[in-house]
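Q: Sharing start20.cif (mmCIF, C-alpha atoms) below.
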```cif
data_model
loop_
_atom_site.group_PDB
_atom_site.id
_atom_site.type_symbol
_atom_site.label_atom_id
_atom_site.label_comp_id
_atom_site.auth_asym_id
_atom_site.auth_seq_id
_atom_site.Cartn_x
_atom_site.Cartn_y
_atom_site.Cartn_z
ATOM 1 C CA MET C 1 87.922 96.276 98.201
ATOM 2 C CA THR C 2 85.642 98.334 100.487
ATOM 3 C CA SER C 3 85.936 99.170 104.162
ATOM 4 C CA GLU C 4 83.764 100.826 106.815
ATOM 5 C CA HIS C 5 86.052 103.407 108.436
ATOM 6 C CA VAL C 6 88.872 104.510 106.148
ATOM 7 C CA LEU C 7 91.856 106.737 106.894
ATOM 8 C CA LEU C 8 93.427 108.322 103.798
ATOM 9 C CA TYR C 9 96.970 109.710 103.967
ATOM 10 C CA LEU C 10 97.302 112.737 101.681
ATOM 11 C CA TYR C 11 100.701 114.432 101.349
ATOM 12 C CA LEU C 12 100.957 117.914 99.822
ATOM 13 C CA GLU C 13 104.243 119.725 99.375
ATOM 14 C CA LYS C 14 102.452 123.092 99.489
ATOM 15 C CA LEU C 15 98.954 124.320 100.279
ATOM 16 C CA THR C 16 98.526 125.253 96.613
ATOM 17 C CA SER C 17 100.085 122.122 95.089
ATOM 18 C CA ILE C 18 96.882 120.085 94.918
ATOM 19 C CA LYS C 19 96.647 118.267 91.567
ATOM 20 C CA PHE C 20 94.092 116.307 89.589
ATOM 21 C CA SER C 21 95.866 113.194 90.819
ATOM 22 C CA THR C 22 95.181 114.342 94.397
ATOM 23 C CA LEU C 23 91.481 114.585 93.697
ATOM 24 C CA ASN C 24 91.539 111.214 91.951
ATOM 25 C CA LEU C 25 93.077 109.797 95.133
ATOM 26 C CA VAL C 26 90.241 111.241 97.220
ATOM 27 C CA HIS C 27 87.712 109.892 94.724
ATOM 28 C CA ALA C 28 89.280 106.423 94.883
ATOM 29 C CA ALA C 29 89.162 106.520 98.689
ATOM 30 C CA VAL C 30 85.463 107.456 98.693
ATOM 31 C CA GLN C 31 84.709 104.546 96.361
ATOM 32 C CA ARG C 32 86.281 102.196 98.905
ATOM 33 C CA THR C 33 84.500 103.645 101.971
ATOM 34 C CA THR C 34 81.080 102.604 103.250
ATOM 35 C CA LYS C 35 80.645 104.604 106.494
ATOM 36 C CA SER C 36 83.305 107.224 107.263
ATOM 37 C CA LEU C 37 86.360 108.645 105.525
ATOM 38 C CA THR C 38 89.015 110.671 107.353
ATOM 39 C CA VAL C 39 91.432 112.510 105.078
ATOM 40 C CA LEU C 40 94.680 113.176 106.946
ATOM 41 C CA VAL C 41 96.462 116.023 105.162
ATOM 42 C CA ASP C 42 100.213 116.186 105.703
ATOM 43 C CA CYS C 43 101.468 119.586 104.478
ATOM 44 C CA PRO C 44 104.555 121.352 105.896
ATOM 45 C CA GLU C 45 103.050 124.782 105.138
ATOM 46 C CA ILE C 46 100.221 124.168 107.603
ATOM 47 C CA ILE C 47 102.655 124.238 110.515
ATOM 48 C CA ALA C 48 104.660 127.071 108.952
ATOM 49 C CA HIS C 49 101.578 129.312 108.854
ATOM 50 C CA GLN C 50 99.886 128.379 112.127
ATOM 51 C CA ARG C 51 101.342 131.386 114.003
ATOM 52 C CA LEU C 52 100.086 133.817 111.363
ATOM 53 C CA PRO C 53 96.807 132.173 110.310
ATOM 54 C CA VAL C 54 95.450 135.168 108.396
ATOM 55 C CA VAL C 55 98.353 134.988 105.939
ATOM 56 C CA ALA C 56 97.258 131.557 104.698
ATOM 57 C CA TRP C 57 93.501 132.110 105.173
ATOM 58 C CA GLU C 58 92.584 131.849 101.489
ATOM 59 C CA GLU C 59 94.936 128.948 100.753
ATOM 60 C CA VAL C 60 93.712 126.836 103.690
ATOM 61 C CA GLN C 61 90.074 127.560 102.879
ATOM 62 C CA SER C 62 90.624 126.704 99.210
ATOM 63 C CA LEU C 63 92.343 123.433 100.134
ATOM 64 C CA LEU C 64 89.514 122.390 102.457
ATOM 65 C CA GLY C 65 86.897 123.376 99.896
ATOM 66 C CA THR C 66 88.616 121.453 97.109
ATOM 67 C CA ILE C 67 88.921 118.230 99.128
ATOM 68 C CA TYR C 68 85.423 118.367 100.604
ATOM 69 C CA VAL C 69 83.751 119.204 97.284
ATOM 70 C CA ASP C 70 85.542 116.379 95.494
ATOM 71 C CA ALA C 71 84.638 113.924 98.268
ATOM 72 C CA ILE C 72 80.973 115.014 98.153
ATOM 73 C CA LYS C 73 80.834 114.650 94.380
ATOM 74 C CA ALA C 74 82.425 111.204 94.571
ATOM 75 C CA ALA C 75 80.042 110.116 97.341
ATOM 76 C CA ASN C 76 77.034 111.256 95.295
ATOM 77 C CA ASP C 77 78.376 109.391 92.256
ATOM 78 C CA CYS C 78 78.678 106.252 94.401
ATOM 79 C CA GLY C 79 75.115 106.579 95.717
ATOM 80 C CA ARG C 80 76.272 107.432 99.257
ATOM 81 C CA PRO C 81 75.350 111.133 99.664
ATOM 82 C CA LEU C 82 75.416 110.903 103.469
ATOM 83 C CA LEU C 83 78.925 109.443 103.678
ATOM 84 C CA GLU C 84 80.739 110.959 106.677
ATOM 85 C CA VAL C 85 83.894 112.792 105.544
ATOM 86 C CA ASP C 86 86.320 114.673 107.807
ATOM 87 C CA VAL C 87 89.485 116.514 106.746
ATOM 88 C CA LEU C 88 92.183 116.791 109.427
ATOM 89 C CA PHE C 89 95.615 118.423 109.351
ATOM 90 C CA LYS C 90 98.462 116.218 110.554
ATOM 91 C CA ASP C 91 100.579 117.753 113.373
ATOM 92 C CA TRP C 92 98.445 120.926 113.506
ATOM 93 C CA CYS C 93 95.620 118.875 115.046
ATOM 94 C CA GLY C 94 97.984 118.119 117.939
ATOM 95 C CA TYR C 95 97.407 114.372 118.373
ATOM 96 C CA ASP C 96 97.906 111.006 116.709
ATOM 97 C CA VAL C 97 94.810 110.629 114.542
ATOM 98 C CA THR C 98 95.442 106.890 114.077
ATOM 99 C CA SER C 99 94.947 106.348 117.815
ATOM 100 C CA SER C 100 91.539 108.033 117.976
ATOM 101 C CA GLN C 101 89.295 106.464 120.592
ATOM 102 C CA GLU C 102 86.147 107.511 118.714
ATOM 103 C CA ILE C 103 86.803 105.668 115.445
ATOM 104 C CA THR C 104 88.296 102.232 114.911
ATOM 105 C CA TYR C 105 89.830 102.546 111.470
ATOM 106 C CA THR C 106 89.484 99.439 109.358
ATOM 107 C CA THR C 107 91.809 100.479 106.514
ATOM 108 C CA TRP C 108 94.733 102.829 105.820
ATOM 109 C CA LEU C 109 94.690 104.078 102.239
ATOM 110 C CA GLY C 110 97.545 105.803 100.437
ATOM 111 C CA LEU C 111 100.054 105.615 97.645
ATOM 112 C CA ALA C 112 102.890 103.093 97.458
ATOM 113 C CA GLU C 113 105.396 105.968 97.537
ATOM 114 C CA HIS C 114 104.302 106.667 101.132
ATOM 115 C CA GLU C 115 104.702 103.075 102.308
ATOM 116 C CA GLN C 116 107.398 103.934 104.877
ATOM 117 C CA ILE C 117 105.307 106.746 106.371
ATOM 118 C CA LEU C 118 102.276 104.517 106.854
ATOM 119 C CA ALA C 119 104.515 101.786 108.259
ATOM 120 C CA SER C 120 105.887 104.244 110.825
ATOM 121 C CA PHE C 121 102.346 105.098 111.948
ATOM 122 C CA ASN C 122 101.597 101.403 112.465
ATOM 123 C CA SER C 123 104.920 100.854 114.210
ATOM 124 C CA GLN C 124 104.002 103.559 116.724
ATOM 125 C CA ARG C 125 100.571 101.995 117.204
ATOM 126 C CA GLU C 126 102.188 98.663 118.050
ATOM 127 C CA LYS C 127 104.487 100.374 120.559
ATOM 128 C CA ASN C 128 101.371 101.837 122.170
ATOM 129 C CA GLY C 129 99.806 98.383 122.407
ATOM 130 C CA ASP C 130 97.371 98.939 119.494
ATOM 131 C CA LYS C 131 96.883 96.663 116.516
ATOM 132 C CA PRO C 132 98.257 97.955 113.195
ATOM 133 C CA ILE C 133 95.726 99.286 110.713
ATOM 134 C CA PRO C 134 95.578 97.190 107.511
ATOM 135 C CA VAL C 135 97.192 99.156 104.656
ATOM 136 C CA PHE C 136 95.967 99.210 101.063
ATOM 137 C CA PHE C 137 97.796 101.104 98.316
ATOM 138 C CA ILE C 138 95.676 102.650 95.599
ATOM 139 C CA PRO C 139 97.027 101.696 92.152
ATOM 140 C CA GLU C 140 98.842 104.510 90.336
ATOM 141 C CA GLU C 141 96.646 104.172 87.260
ATOM 142 C CA GLU C 142 93.678 105.327 89.339
ATOM 143 C CA VAL C 143 95.264 108.631 90.357
ATOM 144 C CA SER C 144 96.908 109.954 87.159
ATOM 145 C CA PRO C 145 97.377 112.548 85.647
ATOM 146 C CA GLU C 146 99.736 114.961 87.387
ATOM 147 C CA LYS C 147 98.324 118.228 86.024
ATOM 148 C CA THR C 148 98.033 120.966 88.676
ATOM 149 C CA LEU C 149 94.625 122.529 89.212
ATOM 150 C CA PRO C 150 94.168 126.136 88.039
ATOM 151 C CA GLU C 151 94.454 128.757 90.750
ATOM 152 C CA ALA C 152 91.093 129.608 92.287
ATOM 153 C CA HIS C 153 89.617 133.106 92.409
ATOM 154 C CA HIS C 154 89.005 134.369 95.934
ATOM 155 C CA ILE C 155 86.840 137.112 97.346
ATOM 156 C CA GLY C 156 88.319 139.506 99.875
ATOM 157 C CA THR C 157 87.978 137.815 103.241
ATOM 158 C CA THR C 158 89.570 140.187 105.719
ATOM 159 C CA HIS C 159 87.342 143.171 106.431
ATOM 160 C CA THR C 160 89.170 144.864 109.286
ATOM 161 C CA ALA C 161 92.222 142.804 110.189
ATOM 162 C CA GLY C 162 95.913 143.059 109.441
ATOM 163 C CA SER C 163 97.638 139.934 108.166
ATOM 164 C CA ASP C 164 99.799 139.692 111.284
ATOM 165 C CA LYS C 165 96.921 139.596 113.755
ATOM 166 C CA HIS C 166 96.324 136.870 116.314
ATOM 167 C CA TYR C 167 92.920 136.020 117.730
ATOM 168 C CA PRO C 168 92.844 134.523 121.223
ATOM 169 C CA VAL C 169 89.018 134.338 121.083
ATOM 170 C CA VAL C 170 86.944 133.725 117.936
ATOM 171 C CA ALA C 171 83.182 133.381 117.491
ATOM 172 C CA VAL C 172 81.100 131.459 114.955
ATOM 173 C CA GLY C 173 77.429 130.565 114.778
ATOM 174 C CA GLY C 174 74.859 128.603 112.818
ATOM 175 C CA THR C 175 72.163 125.956 112.847
ATOM 176 C CA PHE C 176 74.610 123.067 112.306
ATOM 177 C CA ASP C 177 71.812 120.661 111.482
ATOM 178 C CA HIS C 178 72.948 117.331 109.998
ATOM 179 C CA LEU C 179 76.569 118.485 110.037
ATOM 180 C CA HIS C 180 77.826 118.627 106.453
ATOM 181 C CA ALA C 181 80.897 119.740 104.490
ATOM 182 C CA GLY C 182 79.922 123.415 104.457
ATOM 183 C CA HIS C 183 79.621 123.379 108.256
ATOM 184 C CA LYS C 184 82.921 121.553 108.599
ATOM 185 C CA ILE C 185 84.768 124.140 106.502
ATOM 186 C CA LEU C 186 83.207 126.964 108.536
ATOM 187 C CA LEU C 187 84.173 125.300 111.817
ATOM 188 C CA SER C 188 87.653 124.323 110.609
ATOM 189 C CA MET C 189 88.430 127.872 109.480
ATOM 190 C CA SER C 190 87.151 129.225 112.799
ATOM 191 C CA VAL C 191 89.526 126.909 114.659
ATOM 192 C CA TRP C 192 92.314 127.875 112.243
ATOM 193 C CA LEU C 193 92.046 131.469 113.531
ATOM 194 C CA ALA C 194 91.542 130.759 117.241
ATOM 195 C CA GLU C 195 94.582 130.657 119.507
ATOM 196 C CA GLU C 196 92.867 129.858 122.789
ATOM 197 C CA ARG C 197 89.065 129.808 122.728
ATOM 198 C CA LEU C 198 86.264 129.327 120.215
ATOM 199 C CA ILE C 199 82.680 130.294 121.027
ATOM 200 C CA CYS C 200 80.230 128.424 118.808
ATOM 201 C CA GLY C 201 76.571 129.445 118.916
ATOM 202 C CA ILE C 202 73.932 126.900 117.856
ATOM 203 C CA SER C 203 70.509 128.212 116.811
ATOM 204 C CA GLY C 204 67.676 127.305 119.160
ATOM 205 C CA ALA C 205 64.414 125.755 117.943
ATOM 206 C CA GLU C 206 62.538 129.075 118.003
ATOM 207 C CA MET C 207 64.880 130.416 115.292
ATOM 208 C CA LEU C 208 64.160 127.475 112.968
ATOM 209 C CA VAL C 209 60.377 127.295 112.726
ATOM 210 C CA LYS C 210 60.356 128.657 109.153
ATOM 211 C CA LYS C 211 62.993 126.230 107.888
ATOM 212 C CA LYS C 212 61.946 123.764 105.181
ATOM 213 C CA HIS C 213 61.308 120.226 106.458
ATOM 214 C CA ALA C 214 61.584 121.597 110.001
ATOM 215 C CA HIS C 215 60.291 118.309 111.425
ATOM 216 C CA MET C 216 63.531 116.671 110.294
ATOM 217 C CA ILE C 217 65.798 119.133 112.116
ATOM 218 C CA GLU C 218 67.914 117.425 114.750
ATOM 219 C CA PRO C 219 67.268 118.345 118.403
ATOM 220 C CA LEU C 220 69.413 121.180 119.762
ATOM 221 C CA GLU C 221 71.285 118.805 122.097
ATOM 222 C CA THR C 222 72.183 116.524 119.169
ATOM 223 C CA ARG C 223 73.434 119.414 117.056
ATOM 224 C CA MET C 224 75.521 120.759 119.927
ATOM 225 C CA GLU C 225 76.984 117.322 120.661
ATOM 226 C CA LYS C 226 77.928 116.618 117.031
ATOM 227 C CA THR C 227 79.448 120.067 116.582
ATOM 228 C CA LEU C 228 81.579 119.764 119.719
ATOM 229 C CA LYS C 229 82.679 116.259 118.722
ATOM 230 C CA PHE C 230 83.872 117.513 115.327
ATOM 231 C CA LEU C 231 85.660 120.518 116.837
ATOM 232 C CA ARG C 232 87.529 118.270 119.246
ATOM 233 C CA ARG C 233 88.507 116.016 116.353
ATOM 234 C CA ILE C 234 90.177 118.779 114.364
ATOM 235 C CA LYS C 235 92.065 120.425 117.276
ATOM 236 C CA PRO C 236 91.347 119.283 120.858
ATOM 237 C CA SER C 237 93.723 121.786 122.495
ATOM 238 C CA ILE C 238 91.358 124.743 121.909
ATOM 239 C CA ALA C 239 88.837 125.611 124.650
ATOM 240 C CA TYR C 240 85.400 125.211 123.061
ATOM 241 C CA GLU C 241 82.196 126.833 124.258
ATOM 242 C CA VAL C 242 79.288 125.397 122.279
ATOM 243 C CA VAL C 243 76.204 127.263 123.428
ATOM 244 C CA PRO C 244 72.575 127.662 122.333
ATOM 245 C CA ILE C 245 71.637 131.050 120.862
ATOM 246 C CA HIS C 246 68.195 132.583 120.544
ATOM 247 C CA ASP C 247 68.957 135.606 118.351
ATOM 248 C CA THR C 248 71.481 136.688 115.734
ATOM 249 C CA CYS C 249 74.039 137.978 118.231
ATOM 250 C CA GLY C 250 74.074 135.317 120.932
ATOM 251 C CA PRO C 251 77.065 135.921 123.241
ATOM 252 C CA THR C 252 78.875 138.194 120.768
ATOM 253 C CA ASN C 253 77.181 141.350 122.074
ATOM 254 C CA LYS C 254 77.841 140.378 125.684
ATOM 255 C CA ASP C 255 81.457 139.195 125.707
ATOM 256 C CA PRO C 256 83.989 142.050 125.252
ATOM 257 C CA ASN C 257 86.899 139.580 124.902
ATOM 258 C CA ILE C 258 86.034 138.294 121.420
ATOM 259 C CA GLN C 259 88.283 139.601 118.634
ATOM 260 C CA ALA C 260 86.957 137.985 115.443
ATOM 261 C CA ILE C 261 83.941 136.282 113.929
ATOM 262 C CA VAL C 262 83.764 133.821 111.027
ATOM 263 C CA VAL C 263 80.721 133.866 108.733
ATOM 264 C CA SER C 264 79.635 132.734 105.290
ATOM 265 C CA LYS C 265 78.748 135.172 102.520
ATOM 266 C CA GLU C 266 75.079 134.510 103.277
ATOM 267 C CA THR C 267 75.342 135.493 106.944
ATOM 268 C CA LEU C 268 77.637 138.509 106.496
ATOM 269 C CA PRO C 269 74.814 141.019 107.270
ATOM 270 C CA GLY C 270 74.466 139.403 110.696
ATOM 271 C CA ALA C 271 78.126 140.148 111.430
ATOM 272 C CA TYR C 272 77.562 143.822 110.607
ATOM 273 C CA GLU C 273 74.607 143.886 113.022
ATOM 274 C CA ILE C 274 76.754 142.295 115.726
ATOM 275 C CA ASN C 275 79.387 145.010 115.308
ATOM 276 C CA ARG C 276 76.705 147.695 115.422
ATOM 277 C CA GLN C 277 75.471 146.400 118.769
ATOM 278 C CA ARG C 278 79.023 146.010 120.095
ATOM 279 C CA SER C 279 79.767 149.627 119.189
ATOM 280 C CA GLU C 280 76.730 150.758 121.161
ATOM 281 C CA LYS C 281 78.241 149.040 124.198
ATOM 282 C CA ASN C 282 81.723 150.464 123.554
ATOM 283 C CA PHE C 283 83.083 146.972 122.796
ATOM 284 C CA ASN C 284 85.735 146.500 120.121
ATOM 285 C CA GLU C 285 84.313 145.744 116.688
ATOM 286 C CA LEU C 286 85.018 142.187 115.563
ATOM 287 C CA ASP C 287 87.290 141.442 112.642
ATOM 288 C CA ILE C 288 85.042 139.681 110.132
ATOM 289 C CA LYS C 289 86.307 136.662 108.190
ATOM 290 C CA VAL C 290 84.196 135.347 105.323
ATOM 291 C CA ILE C 291 84.265 131.824 103.932
ATOM 292 C CA GLU C 292 83.018 130.734 100.536
ATOM 293 C CA VAL C 293 79.727 128.870 100.188
ATOM 294 C CA ILE C 294 80.264 125.528 98.430
ATOM 295 C CA SER C 295 78.102 123.274 96.272
ATOM 296 C CA ASN C 296 78.330 119.632 95.237
ATOM 297 C CA SER C 297 80.579 120.673 92.352
ATOM 298 C CA SER C 298 82.126 124.036 93.268
ATOM 299 C CA LYS C 299 84.204 125.290 96.194
ATOM 300 C CA ALA C 300 83.017 128.889 95.667
ATOM 301 C CA LEU C 301 79.607 130.108 94.511
ATOM 302 C CA ALA C 302 78.747 133.498 93.051
ATOM 303 C CA GLU C 303 76.042 135.590 94.738
ATOM 304 C CA GLU C 304 73.321 134.603 92.243
ATOM 305 C CA GLU C 305 74.063 130.901 92.792
ATOM 306 C CA LEU C 306 73.993 130.824 96.593
ATOM 307 C CA LYS C 307 70.399 129.788 97.238
ATOM 308 C CA SER C 308 69.961 127.375 94.336
ATOM 309 C CA LEU C 309 73.231 125.435 94.349
ATOM 310 C CA LYS C 310 74.772 125.524 97.822
ATOM 311 C CA ILE C 311 75.193 122.455 100.014
ATOM 312 C CA SER C 312 72.662 122.833 102.791
ATOM 313 C CA SER C 313 70.998 121.082 105.685
ATOM 314 C CA THR C 314 67.722 121.655 103.822
ATOM 315 C CA GLN C 315 68.930 119.334 101.033
ATOM 316 C CA ILE C 316 69.812 116.667 103.572
ATOM 317 C CA ARG C 317 66.465 116.998 105.387
ATOM 318 C CA GLU C 318 64.658 116.759 102.047
ATOM 319 C CA TYR C 319 66.636 113.628 101.171
ATOM 320 C CA LEU C 320 65.930 112.047 104.567
ATOM 321 C CA SER C 321 62.257 112.995 104.422
ATOM 322 C CA LEU C 322 61.859 111.506 100.947
ATOM 323 C CA HIS C 323 63.549 108.248 101.917
ATOM 324 C CA SER C 324 61.493 108.064 105.097
ATOM 325 C CA GLU C 325 58.301 108.371 103.043
ATOM 326 C CA ILE C 326 59.486 105.665 100.618
ATOM 327 C CA GLU C 327 60.306 103.300 103.489
ATOM 328 C CA ASN C 328 56.822 103.833 104.946
ATOM 329 C CA LEU C 329 55.022 102.970 101.693
#
```
Go ahead and express the file in the form of structure tokens.

A:
Amino acid sequence: MTSEHVLLYLYLEKLTSIKFSTLNLVHAAVQRTTKSLTVLVDCPEIIAHQRLPVVAWEEVQSLLGTIYVDAIKAANDCGRPLLEVDVLFKDWCGYDVTSSQEITYTTWLGLAEHEQILASFNSQREKNGDKPIPVFFIPEEEVSPEKTLPEAHHIGTTHTAGSDKHYPVVAVGGTFDHLHAGHKILLSMSVWLAEERLICGISGAEMLVKKKHAHMIEPLETRMEKTLKFLRRIKPSIAYEVVPIHDTCGPTNKDPNIQAIVVSKETLPGAYEINRQRSEKNFNELDIKVIEVISNSSKALAEEELKSLKISSTQIREYLSLHSEIENL
């Protein structure tokens, strides 16, 4: 059984209770998906920590990294490296994901033990005048065993912030070309911190001329549109400002109301430069939050592995360029 647009229900008792069986469930869902997979994570701790997001920063990032990496690996194994995968948090996202106007889900996937939960979703859809989503239960033999994954090692991610801090306004930036799992983790963690507003800077064409396979880079308008669409999927209640940037700082050295910035380990030097320029203007320095860089098989790469193993838009452009050349032969 395969389906175009699949919605997978994934229940976790705790943020850290992900098991091999959980990853097997994600893998089984990828095998049954041909176009897009949405993983709907239902975890009580997500709501419990939403008022103090820094407290659960590492756990949430690790959870996202684990799910995305497993989905990417499964998609590559299935010969679908460009499969669209989104991870959303039930309740925290603030809306009924099953009633999304952007995606018409063709299948609900889950375990038989969650039959009543999936039935309640469909019951609500029918009350709203929508057709129920066909449900398929993944056989238990495909998701065993129950062994819990070993605890991941984390780098220090909070450079200047206390664990009880709130951030009304957060900034993040990047190229966001051919939006992939690494981008989605970066954006999701930025939204996780933001209470009211997220400023997202998208690199303009003049900053990308030295990129490999630059001719395959999506137009700025496309990258901005896709980024905003994803942000609104994960939490539509936040005010998003997706803007083009033409240098490292973008609006971060002009807006005194920003409190924090989210970066990857690769772009950490840029955050230091932003704070240097903000200090010159007597603005508050930004609290810097760092996310791990992921690969097709690891949710956290060491420094020496970053350039050779990380998931990147360059890989995707190379893949698209190669297949374009083959099609033109």

Q: Determine, counting only C-alpha atoms, which protein, DNA and RNA residues have an atom within 7 Å of an atom of Gly174 in chain C; residues of the same chain fewer than 5 positions away are not included. Present the result as a PyMOL selection string.

A: chain C and resi 201-203

Q: For a cut-off of 12 Å around (105.4, 105.5, 101.2), file coordinates, pick out all residues using all atoms listed in the file and list them as a list in words.

A: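 The answer, in the requested form, is Tyr9, Leu10, Tyr11, Trp108, Leu109, Gly110, Leu111, Ala112, Glu113, His114, Glu115, Gln116, Ile117, Leu118, Ala119, Ser120, Phe121, Val135, Phe136, Phe137 and Ile138 of chain C.
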
Q: Find the residues around Asp255 in chain C up to 10 Å (only C-alpha atoms counted), leave out those fewer than 5 positions away in its own chain, and share them as number ranges by chain.

A: C: 250, 278, 283

Q: Restricting the output to C-alpha atoms, write the selected residues as a PDB file, keeping the file's coordinate frame.

A:
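Final output, saved to again-v5.pdb:
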```pdb
ATOM      1  CA  GLY C 250      74.074 135.317 120.932  1.00  0.00           C
ATOM      2  CA  ARG C 278      79.023 146.010 120.095  1.00  0.00           C
ATOM      3  CA  PHE C 283      83.083 146.972 122.796  1.00  0.00           C
TER       4      PHE C 283
END
```

Q: Check which residues satisfy the PyMOL selection byres ((chain C and resi 37) around 8) in the file shown, then give them as a list of chain:residue names.

A: C:His5, C:Val6, C:Leu7, C:Leu8, C:Ala29, C:Val30, C:Thr33, C:Lys35, C:Ser36, C:Thr38, C:Val39, C:Leu83, C:Glu84, C:Val85, C:Asp86

Q: Nearest to Ala181 in chain C: which of C:Ala28, C:Ile258, C:Val87, C:Val169 is it, counting only C-alpha atoms?

A: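 Closest to Ala181 in chain C of all the choices is C:Val87.
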
Q: For the PyMOL selection byres ((chain C and resi 235-237) around 10), applied here, can you spell out every residue it catches as a ChimeraX atom specification?

A: /C:88-89,91-95,188,191-192,195-197,228-234,238-240

Q: Extending 5 Å beyond the listed atoms of range 200-209 of chain C on each side, what axis-aligned box results? I want centre and edge lengths in Å to one decimal, as AutoDock Vina command-line options.

A:
```
--center_x 70.3 --center_y 128.1 --center_z 115.9 --size_x 29.9 --size_y 14.7 --size_z 16.4
```

Q: Determine, counting all atoms listed in the file, which protein, DNA and RNA residues have an atom within 12 Å of an atom of Lys131 in chain C; residues of the same chain fewer than 4 positions away are not included. Present the result as a list in words.

A: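 Skipping anything fewer than 4 positions along the chain leaves Thr98, Ser99, Thr104, Tyr105, Thr106, Thr107, Phe121, Asn122, Ser123, Gln124, Arg125, Glu126 and Lys127 of chain C.
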
Q: Rounded to one decimal place, report the CA of Cys249 in chain C-CA of Ile274 in chain C distance in Å.

A: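 About the pair CA of Cys249 in chain C and CA of Ile274 in chain C: they are 5.7 Å apart.
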
Q: Taking all atoms listed in the file into account, which of C:Gln50, C:Ser144, C:Ser190, C:Gln31 comes nearest Ser264 in chain C?

A: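 Ranking C:Gln50, C:Ser144, C:Ser190, C:Gln31 by distance to Ser264 in chain C, first place goes to C:Ser190.
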
Q: Expressed in Å to a single decimal, how great is the separation between CA of Leu52 in chain C and CA of Glu13 in chain C?

A: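 For CA of Leu52 in chain C relative to CA of Glu13 in chain C, the distance reads 19.0 Å.
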
Q: Just want the 8 Å neighbourhood of Ile199 in chain C, counted on all atoms listed in the file, with same-chain residues fewer than 6 positions away dropped. Output as JSON, numbers by chain.

A: {"C": [169, 170, 171, 172, 240, 241, 242, 243]}

Q: Export, as a tab-separated table (two decimals), in the coordinates of the input, the selected residues with C-alpha atoms.

A:
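The result, stored in again-v9.tsv:
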```tsv
chain	number	residue	atom	x	y	z
C	169	VAL	CA	89.02	134.34	121.08
C	170	VAL	CA	86.94	133.72	117.94
C	171	ALA	CA	83.18	133.38	117.49
C	172	VAL	CA	81.10	131.46	114.96
C	240	TYR	CA	85.40	125.21	123.06
C	241	GLU	CA	82.20	126.83	124.26
C	242	VAL	CA	79.29	125.40	122.28
C	243	VAL	CA	76.20	127.26	123.43
```

Q: I need the residue nearest Val60 in chain C from this list: C:Met1, C:Met189, C:Cys78, C:Ala260. Use all atoms listed in the file for the distance.

A: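 Distance minimum relative to Val60 in chain C lands on C:Met189.
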
Q: Hey, which of C:Gly173, C:Pro145, C:His166, C:Asp247 ends up closest to Leu25 in chain C? Count all atoms listed in the file.

A: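 Nearest candidate to Leu25 in chain C out of C:Gly173, C:Pro145, C:His166, C:Asp247: C:Pro145.
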
Q: For the point (78.1, 143.5, 115.3) in the file's frame, write as a list of chain:residue names all residues with an atom no more than 8 Å away, counting all atoms listed in the file.

A: C:Cys249, C:Thr252, C:Asn253, C:Gly270, C:Ala271, C:Tyr272, C:Glu273, C:Ile274, C:Asn275, C:Arg276, C:Gln277, C:Arg278, C:Ser279, C:Glu285, C:Leu286

Q: In Å, with one decimal, what is the gap from CA of Lys19 in chain C to CA of Thr66 in chain C?

A: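 Between CA of Lys19 in chain C and CA of Thr66 in chain C the gap works out to 10.3 Å.
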